[in-house]
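Student: Below is the structure I would like to discuss, written out as structure tokens.
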Amino acid sequence: MENTIRAVLNAQLLAVDTGYRNAGISHYIFNLINALPKVSDGIAYTVLAGPRRPEMPDAMHVLATRWPTHQPVVRILWEQLAQPILLSKIGAELYHGLGFTLPILGARKSVVTVYDLSFLHFPDAFKPWKQFYLSLFVRMSARKADRVIAISEHTRRDVTRFWNVPGDRVSVAYGGVSPDFRPLPPEDISRFREKYGIPEEFFLYLGTLEPRKNLPRLVEAYARAYGQDRSLPPLVIAGARGWYYDEIFAKVQALALEDRVFFPGFIPEEDLVLWYNAAEVFVYPSLYEGFGLPVLEAMACGKPVISSSAASLPEVVGEAGVMVPPEDVHALGQAMLSLWRDLDWRRSLASKAAKRARCFSWEETARATVATYRAVLRER
């Protein structure tokens with residue numbers, strides 16, 4: 001069409017490998033890309049992807065590089081050296097960096113998505129080279145972009161506070177939840193338990209194993225609660241190993257909980273809804289989150305949630321879950337103990353959680369993103 005706007009999306013952080021890279025950010029990008037064509041008439045999209053990528057909607061024109069951009073150093077080189085040349089050939093009106101950064105060379109209308117600023121809040125939790133790269137390039141990208149998209153109000157405030165980006169240049173596009181995340185029939189859950197030998201009742205954490213997830217404190221809180229009530233069900237800590245995770249396993253061993261705390265590892269996308277449904281309570285004690293997709297997914301499955309009160313998590317949970325300070329091991333253990341002992345409370349929270357989760361959808365994420373595109377293009 002004559003009036004069609006051409007937008008380029010850099011989606012190099014999309015992942016299909018089993019592991020922590022196929023987690024929150026990749027999940028957000030994948031669902032946004034699938035929702036955008038449904039809400040954005042008059043915009044033609046080109047997606048810049050790596051050689052390892054999931055299938056894209058038919059409405060998306062995909063340009064795949066042969067560079068192995070699943071390797072971080074290669075991806076950085078491609079984004080900053082090869083990508084500007086490619087963009088000059090494409091000649092699109094708008095560029096959207098979906099993974100924190102923009103190409104520093106070249107001038108065009110641009111949007112960048114910033115998921116969180118954990119590398120500034122917890123620099124010691126990152127490998128030094130990664131912390132340096134993110135601190136430098138994300139700041140430069142946020143200041144260069146015509147608009148920044150944050151995935152929560154808390155992240156929006158961080159961007160304006162740390163880097164003096166004017167508030168009117170930072171918008172919010174919350175994450176969403178797929179309709180696939182829902183309460184499942186009891187027979188489906190029974191078959192799942194039998195297939196994998198999963199306990200009848202258990203507390204569940206699901207997410208990457210890394211320092212800011214606060215998992216040693218979760219293990220300690222569970223130990224305290226279990227010490228008070230031996231009927232407490234096991235704790236399952238599910239997710240891929242990210243970095244600096246040895247302390248988690250050391251804590252389990254030090255507290256002699258090897259027969260009470262289990263680590264099933266990375267959970268494939270198709271099994272997530274089954275794990276959420278099989279759990280009795282979902283626990284997420286993170287020290288910092290840009291949004292907190294696992295919490296929202298568990299809520300959509302009708303699970304009572306215990307969450308930390310840190311960062312953006314109150315924006316997700318609202319009044320539909322139990323919130324505790326992330327450093328308060330005693331409060332976390334008491335919350336687990338109290339919920340376990342009160343079935344009526346668990347059922348009440350489960351109902352509230354499912355209702356709250358319906359406030360978030362990927363189409364709303366896409367609409368907020370497109371509104372940012374149009375605001376940028378109006379300023380030409």
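Letters A, B, ... go to the chains of the structure tokens in the order shown; residues in each chain start at 1; ligands are counted from 1 in the same order.
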May I have the residues within 9 Å of Lys352 of chain A as a ChimeraX atom specification, using only C-alpha atoms and disregarding those fewer than 3 positions away in the same chain?
Tutor: /A:299,302,304,319-321,347-349,355-357
Student: Could the residues in this selection be saved with N, CA and C atoms as a compact mmCIF listing (two decimals), in the first residue's frame?
Tutor:
```txt
# COMPACT_ATOMS: atom_id res chain seq x y z
N MET A 299 -0.56 -17.20 37.99
CA MET A 299 -1.85 -16.62 38.35
C MET A 299 -2.93 -16.99 37.33
N GLY A 302 -4.58 -20.12 37.81
CA GLY A 302 -5.40 -20.22 39.02
C GLY A 302 -4.64 -20.71 40.23
N PRO A 304 -2.52 -19.82 43.79
CA PRO A 304 -2.17 -18.79 44.78
C PRO A 304 -0.68 -18.49 44.70
N GLU A 319 -3.61 -6.98 44.33
CA GLU A 319 -4.14 -7.48 45.60
C GLU A 319 -4.44 -8.97 45.54
N ALA A 320 -3.92 -9.64 44.50
CA ALA A 320 -4.33 -11.03 44.24
C ALA A 320 -3.32 -12.06 44.75
N GLY A 321 -2.37 -11.65 45.58
CA GLY A 321 -1.39 -12.60 46.10
C GLY A 321 -0.81 -12.12 47.41
N ARG A 347 -7.74 -21.14 48.14
CA ARG A 347 -8.79 -21.11 47.12
C ARG A 347 -9.22 -19.68 46.81
N SER A 348 -9.30 -18.84 47.82
CA SER A 348 -9.68 -17.44 47.61
C SER A 348 -8.63 -16.72 46.76
N LEU A 349 -7.36 -16.92 47.10
CA LEU A 349 -6.28 -16.28 46.34
C LEU A 349 -6.23 -16.81 44.91
N LYS A 355 -8.50 -13.95 38.04
CA LYS A 355 -9.19 -12.73 37.60
C LYS A 355 -8.19 -11.62 37.28
N ARG A 356 -7.19 -11.46 38.12
CA ARG A 356 -6.18 -10.42 37.91
C ARG A 356 -5.40 -10.68 36.62
N ALA A 357 -5.08 -11.93 36.35
CA ALA A 357 -4.28 -12.26 35.17
C ALA A 357 -4.98 -11.88 33.88
```
Student: Got a sec: who's within 12 Å of segment 328-345 of chain A, counting only C-alpha atoms, leaving out chain neighbours fewer than 6 positions off, as a PyMOL selection string?
Tutor: chain A and resi 201-204+214-235+279-287+303-310+320-322+351-352
Student: List as a CSV table (one decimal) with N, CA and C atoms, in the first residue's frame the protein and nucleic acid residues near Ser26 of chain A, meaning an atom at most 6 Å away when only C-alpha atoms are counted, but skip any in the same chain fewer than 6 places from it.
Tutor:
```
chain,number,residue,atom,x,y,z
A,13,LEU,N,17.6,-11.7,20.1
A,13,LEU,CA,17.5,-12.4,21.4
A,13,LEU,C,16.4,-13.5,21.4
A,14,LEU,N,15.7,-13.7,20.3
A,14,LEU,CA,14.8,-14.8,20.2
A,14,LEU,C,15.7,-16.1,20.3
A,15,ALA,N,15.2,-17.0,21.0
A,15,ALA,CA,16.0,-18.3,21.2
A,15,ALA,C,15.1,-19.5,21.1
```
Student: Write out as a list in words each polymer residue whose atoms come within 7 Å of Tyr45 of chain A, counting only C-alpha atoms; drop sequence neighbours fewer than 5 positions from it.
Tutor: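 After dropping sequence-adjacent residues, the list is Arg6, Ala7, Val8, Met60 and His61 of chain A.
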Student: Can I get the selected residues back with N, CA and C atoms, as a JSON list (two decimals), in the first residue's frame?
Tutor:
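Writing the result to selection-v8.json gives the following:
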```
[["chain", "number", "residue", "atom", "x", "y", "z"],
["A", 6, "ARG", "N", 7.09, 1.14, 6.97],
["A", 6, "ARG", "CA", 7.96, -0.02, 7.06],
["A", 6, "ARG", "C", 8.77, 0.07, 8.36],
["A", 7, "ALA", "N", 8.63, -0.98, 9.19],
["A", 7, "ALA", "CA", 9.34, -1.03, 10.47],
["A", 7, "ALA", "C", 10.25, -2.25, 10.51],
["A", 8, "VAL", "N", 11.44, -2.06, 11.05],
["A", 8, "VAL", "CA", 12.41, -3.15, 11.21],
["A", 8, "VAL", "C", 12.53, -3.48, 12.69],
["A", 60, "MET", "N", 5.07, -11.38, 8.82],
["A", 60, "MET", "CA", 6.41, -10.84, 9.09],
["A", 60, "MET", "C", 7.39, -11.27, 8.00],
["A", 61, "HIS", "N", 8.09, -10.30, 7.41],
["A", 61, "HIS", "CA", 9.17, -10.60, 6.48],
["A", 61, "HIS", "C", 10.44, -10.80, 7.29]]
```
Student: Which residues of segment 221-275 of chain A sit at most 12 Å from segment 124-136 of chain A, using only C-alpha atoms? Give each one's shortest atom pair and distance in Å (one decimal place), in chain and ascending residue order, as JSON lines.
Tutor:
```
{"residue": "A:Gly242", "atom": "CA", "partner": "A:Phe126", "partner_atom": "CA", "distance": 10.4}
{"residue": "A:Trp243", "atom": "CA", "partner": "A:Phe126", "partner_atom": "CA", "distance": 8.0}
{"residue": "A:Tyr244", "atom": "CA", "partner": "A:Ala125", "partner_atom": "CA", "distance": 7.4}
{"residue": "A:Tyr245", "atom": "CA", "partner": "A:Ala125", "partner_atom": "CA", "distance": 10.2}
```
Student: For the selection just defined, write its residues with N, CA and C atoms to a file, as a PDB file, in the first residue's frame.
Tutor:
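Full text of selection_3.pdb as output:
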```pdb
ATOM      1  N   GLY A 242      21.442 -20.464  35.149  1.00  0.00           N
ATOM      2  CA  GLY A 242      21.931 -19.265  34.480  1.00  0.00           C
ATOM      3  C   GLY A 242      23.390 -19.019  34.809  1.00  0.00           C
ATOM      4  N   TRP A 243      23.657 -18.317  35.911  1.00  0.00           N
ATOM      5  CA  TRP A 243      25.035 -18.026  36.309  1.00  0.00           C
ATOM      6  C   TRP A 243      25.068 -17.826  37.813  1.00  0.00           C
ATOM      7  N   TYR A 244      26.226 -18.096  38.409  1.00  0.00           N
ATOM      8  CA  TYR A 244      26.451 -17.941  39.855  1.00  0.00           C
ATOM      9  C   TYR A 244      25.357 -18.646  40.670  1.00  0.00           C
ATOM     10  N   TYR A 245      25.063 -19.885  40.333  1.00  0.00           N
ATOM     11  CA  TYR A 245      23.977 -20.620  40.977  1.00  0.00           C
ATOM     12  C   TYR A 245      24.456 -21.631  42.020  1.00  0.00           C
TER      13      TYR A 245
END
```
Student: Could you pull the residues within 10 Å of segment 138-140 of chain A, counting only C-alpha atoms, minus those fewer than 4 positions along the same chain, as a VMD selection string?
Tutor: chain A and resid 99 to 104 112 to 114 117 133 to 134 144 to 145 159 162 to 165
Student: Any idea what's packed within 12 Å of Ala107 of chain A, counting only C-alpha atoms, ignoring anything in its chain fewer than 6 positions away? Could you give it as a VMD selection string?
Tutor: chain A and resid 84 to 85 87 to 88 91 to 95 141 144 to 146
Student: Got a sec: who's within 8 Å of Ala49 of chain A, counting only C-alpha atoms, leaving out chain neighbours fewer than 3 positions off, as an NGL selection string?
Tutor: :A and (10-12 or 14 or 52-53 or 62-65)
Student: Could you write out the selected residues, including N, CA and C atoms, as a tab-separated table (two decimals), in the first residue's frame?
Tutor:
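This is the output file part_18.tsv:
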```
chain	number	residue	atom	x	y	z
A	10	ASN	N	14.65	-5.72	15.43
A	10	ASN	CA	15.82	-6.56	15.70
A	10	ASN	C	15.46	-7.57	16.78
A	11	ALA	N	15.35	-8.85	16.37
A	11	ALA	CA	14.91	-9.92	17.28
A	11	ALA	C	16.01	-10.96	17.48
A	12	GLN	N	17.24	-10.53	17.59
A	12	GLN	CA	18.35	-11.47	17.75
A	12	GLN	C	18.30	-12.21	19.09
A	14	LEU	N	15.71	-13.66	20.26
A	14	LEU	CA	14.82	-14.82	20.17
A	14	LEU	C	15.66	-16.09	20.25
A	52	ARG	N	19.16	-19.48	14.40
A	52	ARG	CA	18.32	-20.32	15.26
A	52	ARG	C	17.15	-19.49	15.74
A	53	ARG	N	15.98	-19.76	15.22
A	53	ARG	CA	14.82	-18.92	15.54
A	53	ARG	C	13.54	-19.73	15.45
A	62	VAL	N	11.03	-11.99	7.19
A	62	VAL	CA	12.18	-12.33	8.02
A	62	VAL	C	13.47	-12.26	7.21
A	63	LEU	N	14.44	-11.54	7.75
A	63	LEU	CA	15.80	-11.54	7.21
A	63	LEU	C	16.70	-12.18	8.25
A	64	ALA	N	17.22	-13.35	7.93
A	64	ALA	CA	18.04	-14.09	8.89
A	64	ALA	C	19.51	-13.99	8.54
A	65	THR	N	20.30	-13.65	9.53
A	65	THR	CA	21.74	-13.63	9.34
A	65	THR	C	22.33	-15.02	9.49
```
Student: Using DSSP on the backbone coordinates, identify all residues within segment 88-262 of chain A classified as strand (DSSP E); present the result as a PyMOL selection string.
Tutor: chain A and resi 94-97+109-114+147-150+170-172+203-206+235-238+261-262
Student: How far is it from atom CA of Asp188 of chain A to atom CA of Gly176 of chain A, in Å with one decimal?
Tutor: 24.5 Å
Student: With only C-alpha atoms as the atoms that count, which of A:Ile90, A:Ile151, A:Met56, A:Leu81 lies nearest to Thr369 of chain A?
Tutor: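 Nearest candidate to Thr369 of chain A out of A:Ile90, A:Ile151, A:Met56, A:Leu81: A:Ile151.
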Student: From the set A:His70, A:His154, A:Arg182, A:Lys38, which residue has the shortest atom-to-atom contact distance to Asp58 of chain A, counting only C-alpha atoms?
Tutor: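 Ranking A:His70, A:His154, A:Arg182, A:Lys38 by distance to Asp58 of chain A, first place goes to A:Lys38.
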Student: Check the smallest atom-to-atom distance from each of A:Pro211, A:Leu48, A:Phe249, A:Trp275 to Phe122 of chain A using only C-alpha atoms, then report the winner.
Tutor: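 When distances to Phe122 of chain A are compared using only C-alpha atoms, the smallest one comes from A:Pro211.
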Student: Any chance you could list, as number ranges by chain, the residues in segment 128-295 of chain A that come up alpha helix (DSSP H) when DSSP is run on the backbone?
Tutor: A: 128-144, 153-163, 186-196, 215-228, 246-254, 269-278, 293-295
Student: Suppose you want the space between atom CA of Glu297 of chain A and atom CA of Glu200 of chain A; what is it in Å?
Tutor: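 Spanning atom CA of Glu297 of chain A to atom CA of Glu200 of chain A is a straight-line distance of 20.5 Å.
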Student: Could you check how far atom CA of Phe262 of chain A sits from atom CA of Glu289 of chain A, in Å to one decimal?
Tutor: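 Going from atom CA of Phe262 of chain A over to atom CA of Glu289 of chain A covers 23.6 Å.
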